[in-house]
Amino acid sequence: MKIEDCKLLIISGPTATGKTALALKLAKKFNGVLISADSRQIYQGMDIGTGKDKPKNTPIHLLDIITPDQSFSVALYQKLAFQKISEIHSQKKLPIIVGGTGQYIDSIINPNKQTYSVKPNKTLRFFLNRFSTSNLQNLYSFLDRRAFDALNNSEKNNPHRLIRKIEIKLSTKNEDCRLKTEDSRLKIVNCFDFLHLSFTAPNSYLYSRIDARVKARLDQGLLSEIKYLLKNYSWSSPGLNTLSYKEFRPYFKQKSTMSNAISKWTYDEHAYARRQKTWFKKMPNTIFIDITQNNYSQSAVKYVNKFLNN
RNA sequence: GUCGCGAUAGCCAAGCGGUUAGGCAGAGGUCUGCAAAACCUUUCAGGUGGGUUCAACUCCCACUCGCGACU
């Protein structure tokens, strides 16, 4: 395999930084194909709220792959993304991953997560979901005292995380086949030669862009999109637990006003952008590009140029 | 003008003579199959001037401002 076949470009950044637009430019310039890394744009019919860009002539992979009532996961994402990457490589093109979902990008950059192959246990989750946090803590502590004690506060109090840890603990019988999968996966991954460009900007700048976009989405008809979705899916569907949809739940249930919903939504978007930033900050080998700088798109081009000619 | 009520951090909003209110916003963080999720940490007070007290955001007085009522 030639080195050229292992190149991978990753473009990340918080919401409202214009990732997709720039990725499209780069794709044209460098014979690239886009793969989305967005945990929400995978849902069909959720276009306005997730800010989905669907350019006419350029397909973006891993968009619209499931319906809002289906659930998805990193492990699945990783698998699909790897498939797409190798497909694109075999066409002698440059795969470009674009998106804002830190965990998904992490699964590409840092693929040897040893528990991705432990499948969710629906029955177990069904029961555990009714447990209180302290009951979950007790249970996990009982199953694995050491691991429990090593948890930080944030993990200890997070029911989702506790449930998953318990699930993993209870499925250790599959250890052997798990290791096998990991091995084969590592082989593929080790050959990636990736460049990770991450867009960034001061919070205040991001916030003003977000605020403007909130208004724009309302004008584009977000409310009717939600109404339409509610005809086919319920609020408990995984897809509907998404920023810019979930904030309107109390409004549609007549428990809150429109302006409350909108301000909650706006603040949620701010917090989301902050969380995204913390994720990208700690990623290895990342080049940050401040979009408030004049020549940011040219400098992105330069980096890619240099990367491809290495 | 008189009487009453109020004045608490960027916003909302409590209790209290000495010990953390809380929520939202803001800031930072966690993350190994729900991640645009879930969770953790955290900055910022007491209108102004006096007085009482060992100690006042909390009691008293004046002033300023706001709200309401009355002449």
# chains A, B, ... in the order shown; residues from 1 in each chain; ligands from 1
$ residues_around --residues "Gln44 in chain A" --least-positions-apart "5" --cutoff "9 Å" --atoms "only C-alpha atoms (C1' of nucleotides)" --output "short mmCIF file (atom, residue, chain, number, x, y, z; two decimals) with C-alpha atoms, in the first residue's frame"
data_model
loop_
_atom_site.label_atom_id
_atom_site.label_comp_id
_atom_site.auth_asym_id
_atom_site.auth_seq_id
_atom_site.Cartn_x
_atom_site.Cartn_y
_atom_site.Cartn_z
CA LEU A 63 -25.53 11.89 6.42
CA ASP A 64 -29.17 10.80 6.61
CA ILE A 65 -28.34 7.21 7.35
CA ILE A 66 -31.05 6.43 9.92
CA THR A 67 -34.49 7.60 11.01
CA PRO A 68 -34.99 9.61 14.22
#
$ closest_atom_pairs --of "chain B" --to "chain A" --cutoff "12 Å" --atoms "only C-alpha atoms (C1' of nucleotides)" --output "JSON lines"
{"residue": "B:C24", "atom": "C1'", "partner": "A:Lys264", "partner_atom": "CA", "distance": 9.3}
{"residue": "B:A25", "atom": "C1'", "partner": "A:Tyr267", "partner_atom": "CA", "distance": 7.9}
{"residue": "B:G26", "atom": "C1'", "partner": "A:Ala271", "partner_atom": "CA", "distance": 10.2}
{"residue": "B:A27", "atom": "C1'", "partner": "A:Arg274", "partner_atom": "CA", "distance": 9.8}
{"residue": "B:G28", "atom": "C1'", "partner": "A:Thr278", "partner_atom": "CA", "distance": 8.9}
{"residue": "B:G29", "atom": "C1'", "partner": "A:Thr278", "partner_atom": "CA", "distance": 7.6}
{"residue": "B:U30", "atom": "C1'", "partner": "A:Ser154", "partner_atom": "CA", "distance": 5.7}
{"residue": "B:C31", "atom": "C1'", "partner": "A:Glu155", "partner_atom": "CA", "distance": 8.1}
{"residue": "B:U32", "atom": "C1'", "partner": "A:Lys113", "partner_atom": "CA", "distance": 4.6}
{"residue": "B:G33", "atom": "C1'", "partner": "A:Ser73", "partner_atom": "CA", "distance": 4.9}
{"residue": "B:C34", "atom": "C1'", "partner": "A:Ser73", "partner_atom": "CA", "distance": 6.9}
{"residue": "B:A35", "atom": "C1'", "partner": "A:Gln103", "partner_atom": "CA", "distance": 6.6}
{"residue": "B:A36", "atom": "C1'", "partner": "A:Leu243", "partner_atom": "CA", "distance": 5.0}
{"residue": "B:A37", "atom": "C1'", "partner": "A:Asn241", "partner_atom": "CA", "distance": 8.0}
{"residue": "B:A38", "atom": "C1'", "partner": "A:His160", "partner_atom": "CA", "distance": 6.0}
{"residue": "B:C39", "atom": "C1'", "partner": "A:Asn158", "partner_atom": "CA", "distance": 4.6}
{"residue": "B:C40", "atom": "C1'", "partner": "A:Ser154", "partner_atom": "CA", "distance": 4.0}
{"residue": "B:U41", "atom": "C1'", "partner": "A:Ser154", "partner_atom": "CA", "distance": 9.0}
$ write_last_selection --atoms "N, CA and C atoms (P, O5', C5', C4', C3', O3' and C1' of nucleotides)" --output "CSV table (one decimal), in the first residue's frame"
chain,number,residue,atom,x,y,z
B,24,C,P,-29.2,25.9,36.5
B,24,C,O5',-29.4,27.2,35.6
B,24,C,C5',-30.6,27.3,34.8
B,24,C,C4',-30.6,28.7,34.2
B,24,C,C3',-29.3,29.1,33.4
B,24,C,O3',-29.2,28.6,32.2
B,24,C,C1',-30.1,30.9,34.8
B,25,A,P,-27.8,28.2,31.6
B,25,A,O5',-27.1,29.7,31.4
B,25,A,C5',-27.7,30.6,30.4
B,25,A,C4',-27.0,31.9,30.6
B,25,A,C3',-25.5,31.9,30.5
B,25,A,O3',-25.1,31.9,29.1
B,25,A,C1',-26.1,33.2,32.3
B,26,G,P,-23.7,31.1,28.7
B,26,G,O5',-22.6,31.9,29.5
B,26,G,C5',-22.2,33.2,29.2
B,26,G,C4',-21.1,33.6,30.1
B,26,G,C3',-19.9,32.6,30.1
B,26,G,O3',-19.1,32.8,29.0
B,26,G,C1',-20.5,33.3,32.3
B,27,A,P,-18.3,31.5,28.4
B,27,A,O5',-17.3,31.2,29.6
B,27,A,C5',-16.2,32.1,29.9
B,27,A,C4',-15.3,31.5,31.0
B,27,A,C3',-14.9,30.1,30.7
B,27,A,O3',-13.8,30.0,29.9
B,27,A,C1',-15.7,30.3,32.9
B,28,G,P,-13.6,28.7,28.9
B,28,G,O5',-13.2,27.6,30.0
B,28,G,C5',-11.9,27.6,30.6
B,28,G,C4',-11.7,26.6,31.7
B,28,G,C3',-11.9,25.2,31.3
B,28,G,O3',-10.6,24.7,30.7
B,28,G,C1',-13.2,25.5,33.2
B,29,G,P,-10.7,23.5,29.6
B,29,G,O5',-11.3,22.2,30.4
B,29,G,C5',-10.5,21.6,31.3
B,29,G,C4',-11.3,20.7,32.2
B,29,G,C3',-11.8,19.3,31.6
B,29,G,O3',-10.7,18.4,31.5
B,29,G,C1',-13.5,20.2,32.9
B,30,U,P,-10.7,17.2,30.5
B,30,U,O5',-11.8,16.2,31.1
B,30,U,C5',-11.5,15.6,32.4
B,30,U,C4',-12.6,14.7,32.8
B,30,U,C3',-13.0,13.6,31.8
B,30,U,O3',-12.1,12.5,32.0
B,30,U,C1',-15.0,14.7,32.5
B,31,C,P,-11.5,11.7,30.7
B,31,C,O5',-12.8,11.0,30.1
B,31,C,C5',-13.5,10.1,30.9
B,31,C,C4',-14.8,9.8,30.3
B,31,C,C3',-14.6,9.0,28.9
B,31,C,O3',-15.7,8.2,28.8
B,31,C,C1',-15.8,11.1,28.6
B,32,U,P,-15.9,6.7,28.8
B,32,U,O5',-14.9,6.2,27.6
B,32,U,C5',-15.4,6.4,26.3
B,32,U,C4',-15.2,5.1,25.6
B,32,U,C3',-15.7,3.9,26.4
B,32,U,O3',-16.9,3.3,25.9
B,32,U,C1',-13.4,3.6,25.8
B,33,G,P,-17.4,2.2,25.0
B,33,G,O5',-18.7,2.5,24.2
B,33,G,C5',-18.8,3.7,23.4
B,33,G,C4',-20.2,3.8,22.9
B,33,G,C3',-21.2,3.3,24.0
B,33,G,O3',-22.0,4.3,24.6
B,33,G,C1',-21.4,1.9,22.0
B,34,C,P,-22.5,5.7,24.2
B,34,C,O5',-24.0,5.6,23.7
B,34,C,C5',-24.3,5.6,22.3
B,34,C,C4',-25.6,6.5,22.2
B,34,C,C3',-25.3,8.0,22.6
B,34,C,O3',-25.8,8.9,21.7
B,34,C,C1',-27.0,6.9,24.0
B,35,A,P,-24.9,9.4,20.6
B,35,A,O5',-24.2,10.6,21.3
B,35,A,C5',-24.9,11.9,21.5
B,35,A,C4',-23.9,12.9,22.0
B,35,A,C3',-22.6,13.0,21.2
B,35,A,O3',-22.1,14.3,21.3
B,35,A,C1',-22.1,12.2,23.3
B,36,A,P,-22.3,15.3,20.1
B,36,A,O5',-23.4,16.4,20.5
B,36,A,C5',-23.2,17.4,21.5
B,36,A,C4',-24.5,18.0,21.8
B,36,A,C3',-25.5,16.9,22.0
B,36,A,O3',-26.1,16.8,23.3
B,36,A,C1',-26.0,18.2,20.0
B,37,A,P,-26.4,17.8,24.4
B,37,A,O5',-27.2,16.7,25.2
B,37,A,C5',-28.2,15.9,24.6
B,37,A,C4',-28.0,14.5,25.2
B,37,A,C3',-27.8,14.4,26.7
B,37,A,O3',-29.0,14.5,27.4
B,37,A,C1',-26.3,13.0,25.6
B,38,A,P,-29.2,15.4,28.6
B,38,A,O5',-28.2,14.7,29.7
B,38,A,C5',-28.7,13.4,30.3
B,38,A,C4',-27.5,12.8,31.0
B,38,A,C3',-26.8,13.6,32.1
B,38,A,O3',-27.6,13.6,33.3
B,38,A,C1',-25.2,12.7,30.7
B,39,C,P,-27.5,14.9,34.3
B,39,C,O5',-26.0,14.8,34.8
B,39,C,C5',-25.6,13.7,35.6
B,39,C,C4',-24.1,13.8,35.7
B,39,C,C3',-23.4,15.0,36.4
B,39,C,O3',-23.6,14.9,37.8
B,39,C,C1',-22.2,14.4,34.5
B,40,C,P,-23.5,16.3,38.7
B,40,C,O5',-22.0,16.6,38.7
B,40,C,C5',-21.1,15.7,39.3
B,40,C,C4',-19.7,16.2,39.2
B,40,C,C3',-19.4,17.6,39.7
B,40,C,O3',-19.2,17.7,41.1
B,40,C,C1',-18.4,17.4,37.6
B,41,U,P,-19.6,19.1,41.9
B,41,U,O5',-18.4,20.0,41.5
B,41,U,C5',-17.1,19.7,41.8
B,41,U,C4',-16.1,20.7,41.2
B,41,U,C3',-16.4,22.2,41.5
B,41,U,O3',-16.0,22.5,42.8
B,41,U,C1',-15.9,22.0,39.3
$ atom_distance --atom1 "CA of Phe288 in chain A" --atom2 "CA of Ser208 in chain A"
20.3 Å
$ residues_around --residues "Ala81 in chain A" --least-positions-apart "6" --cutoff "8 Å" --atoms "only C-alpha atoms (C1' of nucleotides)" --output "MDAnalysis selection string"
chainID A and resid 35 62 108
$ residues_around --residues "range 7-15 of chain B" --least-positions-apart "2" --cutoff "10 Å" --atoms "only C-alpha atoms (C1' of nucleotides)" --output "PyMOL selection string"
chain B and resi 21-26+44-47+57-58+65-66
$ closest_residue --among "A:Arg249, A:Arg146, A:Arg217, A:His196" --to "Leu9 in chain A" --atoms "only C-alpha atoms"
A:His196
$ select_by_dssp --residues "range 62-293 of chain A" --states "helix (DSSP H, G or I)" --output "JSON, numbers by chain"
{"A": [74, 75, 76, 77, 78, 79, 80, 81, 82, 83, 84, 85, 86, 87, 88, 89, 90, 102, 103, 104, 105, 106, 107, 108, 109, 122, 123, 124, 125, 126, 127, 128, 133, 134, 135, 136, 137, 138, 139, 140, 141, 142, 143, 145, 146, 147, 148, 149, 150, 153, 154, 155, 156, 159, 160, 161, 162, 163, 164, 165, 166, 167, 168, 169, 172, 173, 174, 175, 176, 177, 178, 179, 180, 181, 182, 183, 184, 185, 186, 187, 188, 189, 190, 203, 204, 205, 206, 207, 208, 209, 210, 211, 212, 213, 214, 215, 216, 217, 218, 219, 222, 223, 224, 225, 226, 227, 228, 229, 230, 231, 232, 238, 239, 240, 246, 247, 248, 249, 250, 251, 252, 258, 259, 260, 261, 262, 263, 264, 265, 266, 267, 268, 269, 270, 271, 272, 273, 274, 275, 276, 277, 278, 279, 280, 281]}
$ write_last_selection --atoms "C-alpha atoms" --output "compact mmCIF listing (two decimals), in the first residue's frame"
# COMPACT_ATOMS: atom_id res chain seq x y z
CA VAL A 74 -19.70 5.55 18.25
CA ALA A 75 -18.83 1.96 17.60
CA LEU A 76 -21.17 1.93 14.65
CA TYR A 77 -19.83 5.23 13.46
CA GLN A 78 -16.29 3.97 13.65
CA LYS A 79 -17.13 0.94 11.58
CA LEU A 80 -18.96 2.89 8.88
CA ALA A 81 -16.34 5.60 8.75
CA PHE A 82 -13.53 3.08 8.32
CA GLN A 83 -15.44 1.48 5.48
CA LYS A 84 -15.93 4.80 3.75
CA ILE A 85 -12.32 5.79 4.25
CA SER A 86 -11.01 2.69 2.60
CA GLU A 87 -13.56 2.97 -0.20
CA ILE A 88 -12.36 6.48 -0.91
CA HIS A 89 -8.74 5.47 -0.70
CA SER A 90 -9.35 2.75 -3.23
CA GLY A 102 -15.67 14.98 19.36
CA GLN A 103 -16.28 11.42 20.33
CA TYR A 104 -16.72 10.29 16.74
CA ILE A 105 -13.53 11.97 15.61
CA ASP A 106 -11.78 10.53 18.60
CA SER A 107 -12.83 7.05 17.49
CA ILE A 108 -10.96 7.60 14.23
CA ILE A 109 -7.88 9.27 15.62
CA LYS A 122 -31.02 -3.99 26.13
CA THR A 123 -32.59 -5.96 28.94
CA LEU A 124 -29.93 -4.92 31.39
CA ARG A 125 -30.29 -1.30 30.38
CA PHE A 126 -34.01 -1.49 30.75
CA PHE A 127 -33.65 -2.45 34.39
CA LEU A 128 -30.68 -0.29 35.18
CA THR A 133 -27.64 7.02 40.77
CA SER A 134 -26.68 5.85 44.23
CA ASN A 135 -28.01 2.37 43.51
CA LEU A 136 -25.95 2.26 40.35
CA GLN A 137 -22.93 3.36 42.33
CA ASN A 138 -23.50 0.61 44.86
CA LEU A 139 -23.93 -1.99 42.18
CA TYR A 140 -20.82 -1.00 40.28
CA SER A 141 -18.85 -0.74 43.47
CA PHE A 142 -19.99 -4.25 44.34
CA LEU A 143 -18.98 -5.60 40.92
CA ARG A 145 -14.64 -2.01 43.88
CA ARG A 146 -11.28 -0.93 42.56
CA ALA A 147 -12.55 0.54 39.34
CA PHE A 148 -15.33 2.29 41.17
CA ASP A 149 -12.96 3.94 43.60
CA ALA A 150 -10.85 5.15 40.73
CA ASN A 153 -16.75 12.76 40.54
CA SER A 154 -18.03 13.46 37.12
CA GLU A 155 -18.16 9.77 36.22
CA LYS A 156 -19.38 8.64 39.63
CA PRO A 159 -25.92 7.37 35.47
CA HIS A 160 -25.26 6.80 31.75
CA ARG A 161 -21.62 6.16 32.39
CA LEU A 162 -22.29 3.91 35.36
CA ILE A 163 -24.73 1.81 33.39
CA ARG A 164 -22.26 1.32 30.60
CA LYS A 165 -19.50 0.39 33.03
CA ILE A 166 -21.74 -2.18 34.66
CA GLU A 167 -22.68 -3.51 31.24
CA ILE A 168 -19.04 -3.94 30.30
CA LYS A 169 -18.21 -5.53 33.61
CA THR A 172 -16.22 -9.86 30.24
CA LYS A 173 -16.79 -13.43 29.13
CA ASN A 174 -16.40 -12.27 25.55
CA GLU A 175 -12.92 -11.07 26.21
CA ASP A 176 -11.18 -13.41 23.78
CA CYS A 177 -13.11 -12.54 20.69
CA ARG A 178 -12.94 -8.92 21.70
CA LEU A 179 -9.18 -8.93 21.59
CA LYS A 180 -9.25 -10.55 18.17
CA THR A 181 -11.41 -7.80 16.75
CA GLU A 182 -9.22 -5.18 18.23
CA ASP A 183 -6.15 -6.64 16.58
CA SER A 184 -7.60 -6.62 13.11
CA ARG A 185 -8.88 -3.14 13.62
CA LEU A 186 -5.52 -1.80 14.75
CA LYS A 187 -3.90 -3.03 11.55
CA ILE A 188 -6.16 -0.88 9.44
CA VAL A 189 -5.78 2.11 11.63
CA ASN A 190 -2.06 2.14 12.02
CA ASN A 203 -16.48 32.32 22.68
CA SER A 204 -18.04 35.74 22.30
CA TYR A 205 -17.58 35.52 18.56
CA LEU A 206 -19.05 32.05 18.39
CA TYR A 207 -21.99 33.12 20.51
CA SER A 208 -22.92 35.95 18.23
CA ARG A 209 -22.81 33.63 15.24
CA ILE A 210 -24.89 31.09 17.07
CA ASP A 211 -27.47 33.68 18.04
CA ALA A 212 -27.82 34.81 14.47
CA ARG A 213 -28.17 31.24 13.31
CA VAL A 214 -30.89 30.52 15.84
CA LYS A 215 -32.98 33.27 14.31
CA ALA A 216 -32.20 32.09 10.81
CA ARG A 217 -33.34 28.57 11.60
CA LEU A 218 -36.62 29.80 12.97
CA ASP A 219 -37.11 31.77 9.77
CA LEU A 222 -37.74 24.90 12.17
CA LEU A 223 -41.11 24.78 13.88
CA SER A 224 -42.83 23.16 10.94
CA GLU A 225 -39.98 20.69 10.66
CA ILE A 226 -40.57 19.72 14.28
CA LYS A 227 -44.32 19.43 13.71
CA TYR A 228 -43.71 17.21 10.76
CA LEU A 229 -41.31 15.00 12.72
CA LEU A 230 -43.85 14.68 15.51
CA LYS A 231 -46.32 13.20 13.06
CA ASN A 232 -44.07 10.20 12.65
CA PRO A 238 -33.42 9.22 20.21
CA GLY A 239 -33.23 11.71 17.37
CA LEU A 240 -35.52 14.20 19.02
CA LYS A 246 -35.65 19.18 22.55
CA GLU A 247 -35.93 22.76 23.79
CA PHE A 248 -39.31 23.02 22.12
CA ARG A 249 -40.74 20.00 23.87
CA PRO A 250 -42.17 22.01 26.80
CA TYR A 251 -43.57 24.52 24.34
CA PHE A 252 -45.37 21.87 22.32
CA MET A 258 -41.99 30.22 22.83
CA SER A 259 -39.57 32.86 24.05
CA ASN A 260 -38.47 30.66 26.96
CA ALA A 261 -37.87 27.82 24.54
CA ILE A 262 -35.82 30.01 22.26
CA SER A 263 -33.65 31.43 25.01
CA LYS A 264 -33.06 27.97 26.50
CA TRP A 265 -32.11 26.73 23.07
CA THR A 266 -29.69 29.60 22.54
CA TYR A 267 -27.97 28.99 25.87
CA ASP A 268 -27.80 25.27 25.19
CA GLU A 269 -26.04 26.02 21.93
CA HIS A 270 -23.49 28.18 23.73
CA ALA A 271 -22.76 25.46 26.25
CA TYR A 272 -22.51 22.94 23.47
CA ALA A 273 -19.92 24.98 21.62
CA ARG A 274 -17.89 25.19 24.83
CA ARG A 275 -18.06 21.45 25.36
CA GLN A 276 -16.96 20.84 21.79
CA LYS A 277 -13.95 23.06 22.33
CA THR A 278 -12.82 21.13 25.38
CA TRP A 279 -12.97 17.96 23.37
CA PHE A 280 -10.82 19.27 20.53
CA LYS A 281 -8.33 20.95 22.85
$ residues_around --residues "U53 in chain B" --least-positions-apart "4" --cutoff "12 Å" --atoms "only C-alpha atoms (C1' of nucleotides)" --output "PyMOL selection string"
chain B and resi 17-18+59-60
$ write_last_selection --atoms "C-alpha atoms (C1' of nucleotides)" --output "tab-separated table (two decimals), in the first residue's frame"
chain	number	residue	atom	x	y	z
B	17	G	C1'	-27.10	39.23	63.72
B	18	G	C1'	-21.56	35.60	63.18
B	59	C	C1'	-31.64	45.73	63.56
B	60	C	C1'	-32.35	51.51	63.73
$ select_by_dssp --residues "range 26-243 of chain A" --states "strand (DSSP E or B)" --output "PyMOL selection string"
chain A and resi 32-36+43+60-61+66+94-98+193-200
$ residues_around --residues "range 49-51 of chain B" --least-positions-apart "2" --cutoff "9 Å" --atoms "only C-alpha atoms (C1' of nucleotides)" --output "PyMOL selection string"
chain B and resi 60-63
$ atom_distance --atom1 "CA of Gly99 in chain A" --atom2 "CA of Pro59 in chain A"
14.8 Å
